[in-house]
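Coordinates as given in structure-v1.tsv (TSV, C-alpha atoms and all ligand atoms):
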chain	number	residue	atom	x	y	z
A	1	MET	CA	-9.83	28.57	26.89
A	2	PRO	CA	-7.41	25.68	26.55
A	3	GLU	CA	-4.87	26.65	29.25
A	4	ARG	CA	-5.09	27.22	32.96
A	5	GLY	CA	-5.37	30.98	33.46
A	6	ASP	CA	-7.09	31.66	30.12
A	7	TRP	CA	-10.07	33.90	30.73
A	8	PHE	CA	-12.63	36.06	29.00
A	9	LEU	CA	-15.30	38.49	30.11
A	10	TYR	CA	-18.98	37.94	29.55
A	11	GLU	CA	-21.14	41.03	29.92
A	12	ILE	CA	-24.90	41.06	30.25
A	13	ALA	CA	-27.46	43.50	31.67
A	14	GLY	CA	-24.81	45.71	33.28
A	15	GLU	CA	-22.99	42.77	34.90
A	16	SER	CA	-19.51	41.56	34.03
A	17	VAL	CA	-18.31	38.03	34.70
A	18	ILE	CA	-14.79	36.62	34.44
A	19	ILE	CA	-14.92	33.10	32.98
A	20	VAL	CA	-11.58	31.46	33.74
A	21	ARG	CA	-10.02	28.04	33.39
A	22	ASP	CA	-8.60	26.96	36.73
A	23	GLY	CA	-6.36	24.01	37.54
A	24	GLU	CA	-7.56	20.47	36.80
A	25	GLY	CA	-9.57	21.70	33.85
A	26	GLY	CA	-12.31	23.31	35.95
A	27	ILE	CA	-13.97	26.52	34.89
A	28	ASN	CA	-14.89	29.30	37.32
A	29	ALA	CA	-17.28	32.19	36.82
A	30	LEU	CA	-16.30	35.15	39.02
A	31	LEU	CA	-18.16	38.42	39.36
A	32	ASN	CA	-15.87	41.13	38.00
A	33	VAL	CA	-16.41	43.37	41.04
A	34	CYS	CA	-13.67	43.91	43.61
A	35	ARG	CA	-14.61	43.00	47.18
A	36	HIS	CA	-12.84	46.12	48.49
A	37	ARG	CA	-14.66	49.12	47.06
A	38	GLY	CA	-16.24	47.55	44.07
A	39	SER	CA	-14.00	48.45	41.14
A	40	ARG	CA	-14.16	46.40	37.98
A	41	ILE	CA	-11.01	44.29	37.98
A	42	CYS	CA	-10.62	43.19	34.36
A	43	ASP	CA	-11.51	45.57	31.58
A	44	VAL	CA	-10.20	43.99	28.41
A	45	PRO	CA	-12.26	41.26	26.71
A	46	ALA	CA	-9.88	38.34	27.35
A	47	GLY	CA	-6.46	37.43	28.69
A	48	HIS	CA	-4.21	34.95	30.42
A	49	ASP	CA	-3.21	35.48	34.07
A	50	THR	CA	-2.24	33.62	37.21
A	51	ARG	CA	-3.93	36.25	39.40
A	52	PHE	CA	-6.46	39.00	38.97
A	53	THR	CA	-5.23	42.26	40.44
A	54	CYS	CA	-7.61	45.12	41.03
A	55	PRO	CA	-6.19	48.27	39.43
A	56	TYR	CA	-7.66	50.51	42.16
A	57	HIS	CA	-5.82	49.57	45.39
A	58	GLY	CA	-4.10	46.41	44.28
A	59	TRP	CA	-6.06	43.62	45.96
A	60	SER	CA	-5.28	40.41	44.11
A	61	TYR	CA	-7.33	37.25	43.64
A	62	GLY	CA	-6.53	33.70	42.58
A	63	LEU	CA	-8.14	31.93	39.62
A	64	ASP	CA	-10.74	30.53	42.03
A	65	GLY	CA	-11.57	34.06	43.26
A	66	ALA	CA	-9.87	33.66	46.66
A	67	LEU	CA	-8.33	36.88	47.97
A	68	LYS	CA	-4.55	36.41	47.95
A	69	GLY	CA	-3.18	39.86	48.59
A	70	ALA	CA	-4.53	43.02	50.27
A	71	ALA	CA	-1.70	45.32	51.31
A	72	ARG	CA	-1.81	47.31	54.55
A	73	MET	CA	-5.11	46.02	55.81
A	74	GLU	CA	-5.21	45.89	59.61
A	75	PRO	CA	-4.20	42.73	61.51
A	76	GLY	CA	-7.12	40.38	61.85
A	77	PHE	CA	-8.61	41.31	58.46
A	78	ASP	CA	-10.39	38.20	57.23
A	79	ARG	CA	-9.15	37.50	53.72
A	80	ALA	CA	-11.11	34.29	53.47
A	81	ALA	CA	-14.36	36.26	53.71
A	82	HIS	CA	-13.47	38.57	50.82
A	83	GLY	CA	-13.06	36.40	47.77
A	84	LEU	CA	-14.71	37.33	44.49
A	85	ARG	CA	-18.31	36.28	44.26
A	86	ARG	CA	-18.53	32.95	42.46
A	87	LEU	CA	-21.45	32.19	40.20
A	88	ARG	CA	-22.92	28.79	39.46
A	89	VAL	CA	-21.22	27.31	36.43
A	90	ARG	CA	-21.67	24.07	34.52
A	91	VAL	CA	-20.07	22.81	31.33
A	92	LEU	CA	-21.98	20.65	28.88
A	93	GLU	CA	-20.42	19.58	25.58
A	94	GLY	CA	-17.86	22.38	25.87
A	95	LEU	CA	-20.56	25.02	26.38
A	96	VAL	CA	-20.26	27.05	29.59
A	97	PHE	CA	-23.54	27.75	31.41
A	98	VAL	CA	-23.55	30.42	34.13
A	99	ASN	CA	-26.40	31.27	36.47
A	100	PHE	CA	-26.37	34.39	38.69
A	101	ASP	CA	-28.99	32.98	41.04
A	102	VAL	CA	-27.38	31.77	44.29
A	103	ALA	CA	-30.28	29.33	44.56
A	104	ALA	CA	-29.99	28.32	40.92
A	105	PRO	CA	-32.01	25.23	40.10
A	106	ASP	CA	-30.41	21.88	39.47
A	107	PHE	CA	-28.93	21.74	35.98
A	108	GLY	CA	-29.49	17.97	35.89
A	109	GLU	CA	-32.76	17.92	33.99
A	110	PHE	CA	-31.40	20.22	31.30
A	111	GLU	CA	-28.28	18.08	31.03
A	112	ARG	CA	-30.16	14.76	30.89
A	113	ALA	CA	-32.53	16.05	28.23
A	114	MET	CA	-30.04	17.82	26.03
A	115	ALA	CA	-26.92	15.66	26.25
A	116	PRO	CA	-28.27	12.89	23.95
A	117	ALA	CA	-29.64	15.45	21.50
A	118	LEU	CA	-26.32	17.30	21.38
A	119	ALA	CA	-24.10	14.21	21.37
A	120	PRO	CA	-23.93	13.48	17.60
A	121	TYR	CA	-22.69	17.01	16.87
A	122	GLY	CA	-19.63	16.59	19.11
A	123	LEU	CA	-19.68	20.22	20.22
A	124	ALA	CA	-16.89	19.67	22.73
A	125	LYS	CA	-14.71	18.83	19.75
A	126	THR	CA	-15.53	21.89	17.71
A	127	ARG	CA	-13.79	25.20	17.49
A	128	VAL	CA	-14.91	28.72	16.80
A	129	ALA	CA	-14.38	29.41	13.12
A	130	HIS	CA	-15.83	32.89	13.43
A	131	ARG	CA	-17.76	35.01	15.87
A	132	GLN	CA	-19.43	38.30	15.27
A	133	ASN	CA	-21.55	40.62	17.36
A	134	TYR	CA	-24.50	42.32	15.69
A	135	PRO	CA	-25.58	44.97	18.21
A	136	ILE	CA	-29.31	45.64	17.85
A	137	ALA	CA	-30.82	48.98	18.89
A	138	SER	CA	-33.83	47.35	20.52
A	139	ASN	CA	-35.03	45.93	23.77
A	140	TRP	CA	-33.90	42.31	24.22
A	141	LYS	CA	-37.48	41.05	24.25
A	142	LEU	CA	-38.11	42.20	20.69
A	143	ALA	CA	-34.91	40.47	19.57
A	144	VAL	CA	-35.93	37.18	21.22
A	145	GLU	CA	-39.53	37.45	19.99
A	146	ASN	CA	-38.16	37.76	16.49
A	147	TYR	CA	-35.91	34.74	16.94
A	148	CYS	CA	-38.93	32.74	18.13
A	149	GLU	CA	-40.87	32.93	14.89
A	150	CYS	CA	-40.29	32.31	11.22
A	151	TYR	CA	-43.40	34.18	10.08
A	152	HIS	CA	-41.01	36.95	9.02
A	153	CYS	CA	-38.69	34.59	7.15
A	154	GLN	CA	-40.31	34.75	3.73
A	155	PRO	CA	-40.57	38.55	3.61
A	156	ALA	CA	-37.22	39.20	5.31
A	157	HIS	CA	-34.95	36.24	4.56
A	158	PRO	CA	-35.22	35.02	0.95
A	159	GLU	CA	-31.75	33.44	1.24
A	160	TYR	CA	-32.88	31.30	4.20
A	161	SER	CA	-36.46	30.63	3.09
A	162	VAL	CA	-35.50	29.06	-0.21
A	163	GLY	CA	-33.81	26.17	1.58
A	164	HIS	CA	-35.33	25.81	5.05
A	165	GLY	CA	-38.66	24.19	5.89
A	166	ARG	CA	-38.94	26.31	9.05
A	167	ALA	CA	-40.11	29.15	6.82
A	168	LEU	CA	-43.25	27.09	6.09
A	169	PRO	CA	-46.09	26.15	8.45
A	170	ASP	CA	-45.22	22.91	10.28
A	171	ALA	CA	-48.28	21.24	8.74
A	172	GLU	CA	-46.76	21.65	5.27
A	173	CYS	CA	-43.55	19.92	6.36
A	174	VAL	CA	-44.97	16.75	7.93
A	175	THR	CA	-44.15	14.45	5.01
A	176	MET	CA	-40.74	15.99	4.35
A	177	LEU	CA	-39.85	15.75	8.05
A	178	ALA	CA	-40.90	12.09	8.13
A	179	GLU	CA	-38.54	11.45	5.22
A	180	VAL	CA	-35.69	13.22	7.03
A	181	MET	CA	-36.31	11.23	10.20
A	182	ALA	CA	-36.37	7.99	8.20
A	183	ARG	CA	-32.92	8.81	6.81
A	184	ALA	CA	-31.54	10.13	10.11
A	185	PRO	CA	-30.50	6.85	11.82
A	186	ALA	CA	-28.29	5.93	8.88
A	187	VAL	CA	-26.22	9.08	9.44
A	188	GLY	CA	-26.24	8.86	13.24
A	189	LEU	CA	-29.04	11.36	13.99
A	190	THR	CA	-32.21	10.05	15.55
A	191	GLN	CA	-33.54	12.47	18.17
A	192	ASN	CA	-36.59	14.38	17.01
A	193	SER	CA	-37.88	16.88	19.55
A	194	ILE	CA	-37.87	18.03	23.15
A	195	ARG	CA	-39.82	21.10	24.22
A	196	ARG	CA	-39.14	22.40	27.71
A	197	SER	CA	-38.99	26.03	26.80
A	198	TRP	CA	-40.54	29.07	28.41
A	199	LEU	CA	-43.31	28.13	30.82
A	200	ARG	CA	-42.67	24.44	30.26
A	201	ALA	CA	-39.13	24.79	31.65
A	202	PRO	CA	-38.56	23.48	35.17
A	203	ALA	CA	-37.09	26.83	36.27
A	204	PHE	CA	-35.71	30.10	35.00
A	205	GLY	CA	-32.47	29.46	33.16
A	206	LEU	CA	-33.35	25.88	32.29
A	207	GLU	CA	-35.38	26.60	29.18
A	208	HIS	CA	-34.37	24.06	26.59
A	209	GLY	CA	-35.60	22.50	23.43
A	210	PHE	CA	-34.58	20.65	20.34
A	211	ASP	CA	-36.44	20.01	17.14
A	212	ARG	CA	-35.65	19.01	13.61
A	213	TYR	CA	-37.04	20.32	10.35
A	214	PRO	CA	-36.45	19.53	6.69
A	215	LEU	CA	-34.19	21.40	4.33
A	216	LEU	CA	-35.76	22.15	0.94
A	217	ARG	CA	-34.73	21.62	-2.69
A	218	GLY	CA	-32.34	18.82	-1.71
A	219	GLN	CA	-30.10	21.06	0.42
A	220	GLU	CA	-27.60	19.28	2.62
A	221	THR	CA	-26.76	22.24	4.82
A	222	GLY	CA	-27.40	25.97	5.29
A	223	SER	CA	-25.29	27.54	2.58
A	224	ARG	CA	-25.67	29.58	-0.59
A	225	ASP	CA	-26.06	26.51	-2.83
A	226	GLY	CA	-27.09	24.01	-0.16
A	227	LYS	CA	-23.85	22.07	-0.53
A	228	PRO	CA	-21.65	21.27	2.51
A	229	VAL	CA	-19.36	24.05	3.69
A	230	ALA	CA	-17.27	22.15	6.27
A	231	PRO	CA	-16.41	18.56	7.30
A	232	LEU	CA	-19.13	16.50	9.00
A	233	LEU	CA	-19.40	17.10	12.75
A	234	GLY	CA	-18.89	14.62	15.58
A	235	SER	CA	-20.22	11.17	14.89
A	236	ILE	CA	-22.45	12.22	11.97
A	237	ARG	CA	-21.79	10.09	8.92
A	238	GLY	CA	-23.74	11.83	6.18
A	239	TYR	CA	-26.47	14.28	5.26
A	240	ASP	CA	-30.08	13.41	6.01
A	241	GLY	CA	-31.56	16.62	4.59
A	242	GLY	CA	-32.54	18.05	7.97
A	243	ALA	CA	-31.52	20.86	10.30
A	244	THR	CA	-31.91	21.13	14.04
A	245	ASP	CA	-33.11	24.09	16.10
A	246	LEU	CA	-31.92	24.20	19.69
A	247	GLN	CA	-32.74	26.34	22.68
A	248	LEU	CA	-30.05	26.42	25.36
A	249	GLY	CA	-31.42	28.57	28.18
A	250	ALA	CA	-33.51	31.71	28.06
A	251	LEU	CA	-31.30	33.71	25.73
A	252	THR	CA	-29.21	31.23	23.76
A	253	PHE	CA	-30.21	29.33	20.65
A	254	ALA	CA	-28.43	27.32	18.01
A	255	LEU	CA	-29.02	25.93	14.58
A	256	ALA	CA	-27.19	22.69	13.95
A	257	TYR	CA	-26.43	21.38	10.48
A	258	CYS	CA	-24.53	18.19	9.82
A	259	ASP	CA	-21.35	20.13	9.00
A	260	HIS	CA	-21.51	23.23	11.22
A	261	VAL	CA	-23.38	24.82	14.12
A	262	VAL	CA	-24.47	28.44	14.36
A	263	LEU	CA	-24.85	29.61	17.96
A	264	TYR	CA	-27.00	32.64	18.71
A	265	ARG	CA	-26.43	34.44	21.98
A	266	PHE	CA	-28.60	37.39	22.98
A	267	ALA	CA	-27.42	39.67	25.78
A	268	PRO	CA	-29.37	42.68	27.02
A	269	ARG	CA	-26.90	45.58	27.31
A	270	GLY	CA	-29.31	48.40	28.01
A	271	LEU	CA	-33.01	49.19	27.73
A	272	ASN	CA	-32.74	49.60	23.97
A	273	LEU	CA	-29.51	47.79	23.18
A	274	THR	CA	-29.11	44.05	22.73
A	275	ASP	CA	-26.04	42.16	21.67
A	276	CYS	CA	-26.73	39.39	19.21
A	277	GLU	CA	-23.55	37.38	19.03
A	278	VAL	CA	-23.33	34.75	16.33
A	279	ILE	CA	-20.70	32.03	16.64
A	280	TRP	CA	-19.89	29.57	13.85
A	281	LEU	CA	-18.55	26.22	15.06
A	282	VAL	CA	-16.76	23.66	12.90
A	283	ARG	CA	-14.95	20.44	13.73
A	284	GLU	CA	-11.87	21.20	15.78
A	285	ASP	CA	-9.47	19.70	13.23
A	286	ALA	CA	-10.97	21.61	10.28
A	287	VAL	CA	-8.46	23.98	8.71
A	288	GLU	CA	-9.56	27.18	7.05
A	289	GLY	CA	-8.70	27.25	3.37
A	290	ARG	CA	-8.31	23.48	3.25
A	291	ASP	CA	-11.54	22.16	4.80
A	292	TYR	CA	-13.74	25.23	4.65
A	293	ARG	CA	-13.85	28.76	3.35
A	294	LEU	CA	-14.94	31.30	5.93
A	295	ALA	CA	-16.91	33.35	3.41
A	296	ASP	CA	-18.94	30.29	2.37
A	297	LEU	CA	-19.44	29.11	5.95
A	298	THR	CA	-20.71	32.44	7.26
A	299	TRP	CA	-22.59	33.80	4.25
A	300	LEU	CA	-26.13	32.64	5.10
A	301	TRP	CA	-26.28	33.62	8.77
A	302	ASP	CA	-24.41	36.86	8.21
A	303	VAL	CA	-26.85	38.05	5.58
A	304	THR	CA	-29.78	36.74	7.66
A	305	THR	CA	-28.65	38.37	10.90
A	306	ILE	CA	-28.05	41.71	9.19
A	307	ALA	CA	-31.65	41.52	7.94
A	308	ASP	CA	-32.88	40.56	11.44
A	309	LYS	CA	-31.09	43.53	12.99
A	310	ARG	CA	-32.84	45.80	10.50
A	311	ILE	CA	-36.33	44.39	11.05
A	312	ILE	CA	-36.01	44.31	14.85
A	313	GLU	CA	-34.82	47.92	14.96
A	314	ARG	CA	-37.72	48.91	12.71
A	315	ASN	CA	-40.04	46.99	15.03
A	316	GLN	CA	-38.65	48.89	18.04
A	317	ALA	CA	-39.18	52.23	16.32
A	318	GLY	CA	-42.81	51.30	15.66
A	319	VAL	CA	-43.66	49.97	19.12
A	320	ASP	CA	-42.09	53.07	20.67
A	321	SER	CA	-45.10	54.98	19.35
A	322	ARG	CA	-47.49	55.89	22.12
A	323	PHE	CA	-50.27	54.83	19.76
A	324	TYR	CA	-48.98	51.28	19.26
A	325	GLN	CA	-51.39	48.51	20.19
A	326	PRO	CA	-50.29	44.86	20.02
A	327	GLY	CA	-52.10	43.04	17.24
A	328	PRO	CA	-53.00	39.36	17.07
A	329	LEU	CA	-50.34	36.70	16.64
A	330	SER	CA	-50.63	34.00	13.98
A	331	ALA	CA	-51.75	30.71	15.52
A	332	VAL	CA	-49.89	28.96	12.69
A	333	MET	CA	-46.55	30.76	12.67
A	334	GLU	CA	-46.14	32.59	16.01
A	335	THR	CA	-47.05	30.14	18.76
A	336	PHE	CA	-43.51	30.10	20.11
A	337	THR	CA	-43.52	33.90	20.30
A	338	ARG	CA	-46.79	33.71	22.25
A	339	ASP	CA	-45.16	31.21	24.64
A	340	PHE	CA	-42.25	33.60	25.11
A	341	ALA	CA	-44.55	36.58	25.80
A	342	ASP	CA	-46.51	34.53	28.36
A	343	TRP	CA	-43.23	33.49	29.99
A	344	VAL	CA	-42.07	37.12	30.27
A	345	VAL	CA	-45.33	38.15	31.92
A	346	GLU	CA	-45.32	35.19	34.32
A	347	THR	CA	-41.65	35.70	35.19
A	348	LEU	CA	-42.27	39.35	36.02
A	349	ARG	CA	-45.40	38.42	37.93
A	350	SER	CA	-43.59	35.91	40.12
A	351	ALA	CA	-40.61	38.24	40.62
A	352	THR	CA	-42.95	40.98	41.84
A	353	GLY	CA	-44.99	38.67	44.06
A	354	GLY	CA	-47.91	38.72	41.65
A	355	GLY	CA	-47.94	42.50	41.59
A	356	LEU	CA	-48.47	42.87	37.86
A	357	PRO	CA	-51.90	43.74	36.57
A	358	ASP	CA	-53.70	41.11	34.56
A	359	ARG	CA	-53.32	41.42	30.85
A	360	ARG	CA	-55.43	44.35	29.77
A	361	PRO	CA	-57.84	44.11	26.90
A	362	LEU	CA	-55.98	45.34	23.85
A	363	ALA	CA	-58.19	48.38	23.31
A	364	SER	CA	-57.24	49.91	26.68
A	365	ILE	CA	-53.50	49.85	26.11
A	366	GLY	CA	-53.37	52.84	23.80
A	367	LYS	CA	-55.45	54.88	26.24
A	368	ALA	CA	-53.25	54.00	29.19
A	369	ALA	CA	-50.21	55.13	27.23
A	370	GLY	CA	-51.87	58.43	26.34
A	371	GLY	CA	-53.18	57.45	22.93
A	372	LYS	CA	-56.50	58.50	21.56
A	373	THR	CA	-57.91	55.07	20.76
A	401	LIG	S1	-11.55	48.58	44.85
A	401	LIG	FE1	-10.30	46.94	44.31
A	401	LIG	S2	-8.61	47.15	45.59
A	401	LIG	FE2	-9.86	48.80	46.13
A	402	FE	FE	-34.98	36.36	11.23

Could you express the structure from this file as structure tokens?
Amino acid sequence: MPERGDWFLYEIAGESVIIVRDGEGGINALLNVCRHRGSRICDVPAGHDTRFTCPYHGWSYGLDGALKGAARMEPGFDRAAHGLRRLRVRVLEGLVFVNFDVAAPDFGEFERAMAPALAPYGLAKTRVAHRQNYPIASNWKLAVENYCECYHCQPAHPEYSVGHGRALPDAECVTMLAEVMARAPAVGLTQNSIRRSWLRAPAFGLEHGFDRYPLLRGQETGSRDGKPVAPLLGSIRGYDGGATDLQLGALTFALAYCDHVVLYRFAPRGLNLTDCEVIWLVREDAVEGRDYRLADLTWLWDVTTIADKRIIERNQAGVDSRFYQPGPLSAVMETFTRDFADWVVETLRSATGGGLPDRRPLASIGKAAGGKT
């Protein structure tokens, strides 16, 4: 969104938000719901405008959401009280963070923790080389649970597992990670880990984390042969043999290599439909064909995300059975998924004033759902 008036829609859980660049470089997030009788105002994915005009009765709004025009309203009508609803918005390293909560918590802790970790990658000076949505026919929680563990990586992702230490138990990577971290300062990467995700986050929407892991077989990046696929990012000066997992809020994750970043954005679209948008970022001055080839850049996470879509949808089909009973999680490979599940339960509990039942013993769940066990 380089120019004033550039905008795009972001849609999540039945809501639609206009993200627009205003004057002086500011970015506004406006609820895409007319203050007259509630029509959606914009209905194409992106555009460039100086005003937003509602197609229903023609009310028009400025880039800051202020109501500018409302024909034939009676004298005394208070335009100032009928601007578009503005959501909380913050920009960090070129990433736009929006929170629907009018009492949204202070973004400061997130920013202070993550800014140094993000800094070497120079995300504000990257550009989108490619973006693709992989709609998943599942509830969003199954999609996020799957993202939270790499227990499934060896069976489901041979292309990833051959080169990424995350597919192994952490205990098997200790020495390799120490070697990566010893090399890291020489290439301008030093941060190791921050974990303020799920219940450790200061508030809903501020889940964040950052941790590094080793690449295997001498790989320098995530690619078919492990060789670089784009120019080095930001202030990074070489390859230390590591990759970085990031969590950027409740539903957004990223994997940062020295030469490109893969952003993962989950958006619930319905009870059993979740968008999984994958965005490949490269240095802003990288030119396709000269500095990178799109097919090489996107190969690994395209093939991996297609496999994830398949396994998550298969998971949904299985848990839809009235006879399904949750089984035990691996204490070695699924602790992050357990944290996520606990967070979901606690978030629902606090949103309902504690009105959720305590976790039932596993054996009773099938009975409650009408099963025979
Ligand atoms: S609903 Fe938008 S102008 Fe009437
Ligand atoms: Fe996966």

Tyr264 (chain A) surroundings by all atoms listed in the file, 12 Å radius, close-in-sequence under 6 positions cut, as a ChimeraX atom specification: /A:131-134,143-144,147-148,245-256,275-281,301-302,305

So, with all atoms listed in the file as the atoms that count, which of A:Arg314, A:Val303, A:Pro328, A:Ala267 lies closest to Ala13 (chain A)?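 When distances to Ala13 (chain A) are compared using all atoms listed in the file, the smallest one comes from A:Ala267.
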
Rounded to one decimal in Å, what is the spacing between CA of Tyr151 (chain A) and CA of Met181 (chain A)?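 CA of Tyr151 (chain A) sits 24.0 Å away from CA of Met181 (chain A).
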
List all protein, DNA and RNA residues that have an atom no more than 10 Å from any atom of ligand FE 402 (chain A), counting only C-alpha atoms and all ligand atoms, and report them as a PDB file with C-alpha atoms, keeping the file's coordinate frame.
ATOM      1  CA  ALA A 143     -34.910  40.470  19.570  1.00  0.00           C
ATOM      2  CA  GLU A 145     -39.530  37.450  19.990  1.00  0.00           C
ATOM      3  CA  ASN A 146     -38.160  37.760  16.490  1.00  0.00           C
ATOM      4  CA  TYR A 147     -35.910  34.740  16.940  1.00  0.00           C
ATOM      5  CA  CYS A 148     -38.930  32.740  18.130  1.00  0.00           C
ATOM      6  CA  GLU A 149     -40.870  32.930  14.890  1.00  0.00           C
ATOM      7  CA  CYS A 150     -40.290  32.310  11.220  1.00  0.00           C
ATOM      8  CA  TYR A 151     -43.400  34.180  10.080  1.00  0.00           C
ATOM      9  CA  HIS A 152     -41.010  36.950   9.020  1.00  0.00           C
ATOM     10  CA  CYS A 153     -38.690  34.590   7.150  1.00  0.00           C
ATOM     11  CA  GLN A 154     -40.310  34.750   3.730  1.00  0.00           C
ATOM     12  CA  PRO A 155     -40.570  38.550   3.610  1.00  0.00           C
ATOM     13  CA  ALA A 156     -37.220  39.200   5.310  1.00  0.00           C
ATOM     14  CA  HIS A 157     -34.950  36.240   4.560  1.00  0.00           C
ATOM     15  CA  TYR A 160     -32.880  31.300   4.200  1.00  0.00           C
ATOM     16  CA  ALA A 167     -40.110  29.150   6.820  1.00  0.00           C
ATOM     17  CA  TRP A 301     -26.280  33.620   8.770  1.00  0.00           C
ATOM     18  CA  THR A 304     -29.780  36.740   7.660  1.00  0.00           C
ATOM     19  CA  THR A 305     -28.650  38.370  10.900  1.00  0.00           C
ATOM     20  CA  ILE A 306     -28.050  41.710   9.190  1.00  0.00           C
ATOM     21  CA  ALA A 307     -31.650  41.520   7.940  1.00  0.00           C
ATOM     22  CA  ASP A 308     -32.880  40.560  11.440  1.00  0.00           C
ATOM     23  CA  LYS A 309     -31.090  43.530  12.990  1.00  0.00           C
ATOM     24  CA  ARG A 310     -32.840  45.800  10.500  1.00  0.00           C
ATOM     25  CA  ILE A 311     -36.330  44.390  11.050  1.00  0.00           C
ATOM     26  CA  ILE A 312     -36.010  44.310  14.850  1.00  0.00           C
TER      27      ILE A 312
END

Residues of chain A that have any atom at most 10 Å from an atom of ligand LIG 401 (chain A): could you tabulate them with the shortest-distance atom pair and the distance in Å to one decimal, using all atoms listed in the file, ordered by chain and increasing number, as JSON lines?
{"residue": "A:Val33", "atom": "CA", "partner": "A:LIG401", "partner_atom": "FE1", "distance": 7.8}
{"residue": "A:Cys34", "atom": "CA", "partner": "A:LIG401", "partner_atom": "FE1", "distance": 4.6}
{"residue": "A:Arg35", "atom": "CA", "partner": "A:LIG401", "partner_atom": "FE1", "distance": 6.5}
{"residue": "A:His36", "atom": "CA", "partner": "A:LIG401", "partner_atom": "S1", "distance": 4.6}
{"residue": "A:Arg37", "atom": "CA", "partner": "A:LIG401", "partner_atom": "S1", "distance": 3.9}
{"residue": "A:Gly38", "atom": "CA", "partner": "A:LIG401", "partner_atom": "S1", "distance": 4.9}
{"residue": "A:Ser39", "atom": "CA", "partner": "A:LIG401", "partner_atom": "S1", "distance": 4.4}
{"residue": "A:Arg40", "atom": "CA", "partner": "A:LIG401", "partner_atom": "FE1", "distance": 7.4}
{"residue": "A:Ile41", "atom": "CA", "partner": "A:LIG401", "partner_atom": "FE1", "distance": 6.9}
{"residue": "A:Thr53", "atom": "CA", "partner": "A:LIG401", "partner_atom": "S2", "distance": 7.9}
{"residue": "A:Cys54", "atom": "CA", "partner": "A:LIG401", "partner_atom": "FE1", "distance": 4.6}
{"residue": "A:Pro55", "atom": "CA", "partner": "A:LIG401", "partner_atom": "FE1", "distance": 6.5}
{"residue": "A:Tyr56", "atom": "CA", "partner": "A:LIG401", "partner_atom": "FE2", "distance": 4.9}
{"residue": "A:His57", "atom": "CA", "partner": "A:LIG401", "partner_atom": "S2", "distance": 3.7}
{"residue": "A:Gly58", "atom": "CA", "partner": "A:LIG401", "partner_atom": "S2", "distance": 4.8}
{"residue": "A:Trp59", "atom": "CA", "partner": "A:LIG401", "partner_atom": "S2", "distance": 4.4}
{"residue": "A:Ser60", "atom": "CA", "partner": "A:LIG401", "partner_atom": "S2", "distance": 7.7}
{"residue": "A:Gly69", "atom": "CA", "partner": "A:LIG401", "partner_atom": "S2", "distance": 9.6}
{"residue": "A:Ala70", "atom": "CA", "partner": "A:LIG401", "partner_atom": "S2", "distance": 7.5}
{"residue": "A:Ala71", "atom": "CA", "partner": "A:LIG401", "partner_atom": "S2", "distance": 9.2}

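Minimum atom-to-atom distances from A:Arg237, A:Gly163, A:Arg349, A:Asp342 to Leu300 (chain A) were compared using all atoms listed in the file, and the lowest value belongs to A:Gly163.
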
Can you list, as a PyMOL selection string, every protein, DNA or RNA residue that comes within 10 Å of region 4-10 of chain A when you count all atoms listed in the file, leaving out same-chain residues fewer than 5 positions away? chain A and resi 15-32+42-52+62-63+98+267

Can you pull out every residue within 9 Å of Ala80 (chain A), counting all atoms listed in the file, but drop anything in the same chain fewer than 5 positions away, and send it as a PyMOL selection string? chain A and resi 66-68

For a test of reading the model, state the distance in Å between CA of Arg79 (chain A) and CA of Glu3 (chain A), rounded to one decimal.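 Separation of CA of Arg79 (chain A) and CA of Glu3 (chain A): 27.1 Å.
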
Mind checking which residues fall within 12 Å of Ala331 (chain A), counting all atoms listed in the file, ignoring those fewer than 4 positions away in the same chain, and posting them as number ranges by chain? A: 149, 151, 169-170, 335-339

Within 6 Å of (-26.7, 37.5, 26.9) (coordinates as in the file), grab all the protein and nucleic acid residues, counting only C-alpha atoms, and write them out as a PDB file with C-alpha atoms, in the coordinates of the input.
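out_16.pdb, freshly written:
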ATOM      1  CA  ILE A  12     -24.900  41.060  30.250  1.00  0.00           C
ATOM      2  CA  ARG A 265     -26.430  34.440  21.980  1.00  0.00           C
ATOM      3  CA  PHE A 266     -28.600  37.390  22.980  1.00  0.00           C
ATOM      4  CA  ALA A 267     -27.420  39.670  25.780  1.00  0.00           C
ATOM      5  CA  PRO A 268     -29.370  42.680  27.020  1.00  0.00           C
TER       6      PRO A 268
END

Quick one: residues within 8 Å of region 91-95 of chain A, only C-alpha atoms counted, chain neighbours fewer than 5 positions away excluded, as a list in words? Ile27, Glu111, Ala115, Leu118, Ala119, Gly122, Leu123, Ala124 and Lys125 of chain A

Do you have the CA of Ala137 (chain A)-CA of Leu168 (chain A) distance handy? 28.2 Å

Nearest to Gly222 (chain A) by atom-to-atom distance, counting all atoms listed in the file, from A:Arg283, A:Leu199, A:Trp299, A:Met176: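 Ranking A:Arg283, A:Leu199, A:Trp299, A:Met176 by distance to Gly222 (chain A), first place goes to A:Trp299.
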
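Between Leu233 (chain A) and the residues A:Leu206, A:Leu216, A:Leu189, A:Leu271, the shortest atom-to-atom distance, using all atoms listed in the file, involves A:Leu189.
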
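With distances taken over all atoms listed in the file, A:Gln219 is the one residue among A:Thr352, A:Asn315, A:Ser235, A:Gln219 lying closest to Val162 (chain A).
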
Just checking: using only C-alpha atoms, which residue out of A:Met1, A:Pro105, A:Arg166, A:Val128 ends up closest to Val332 (chain A)? A:Arg166
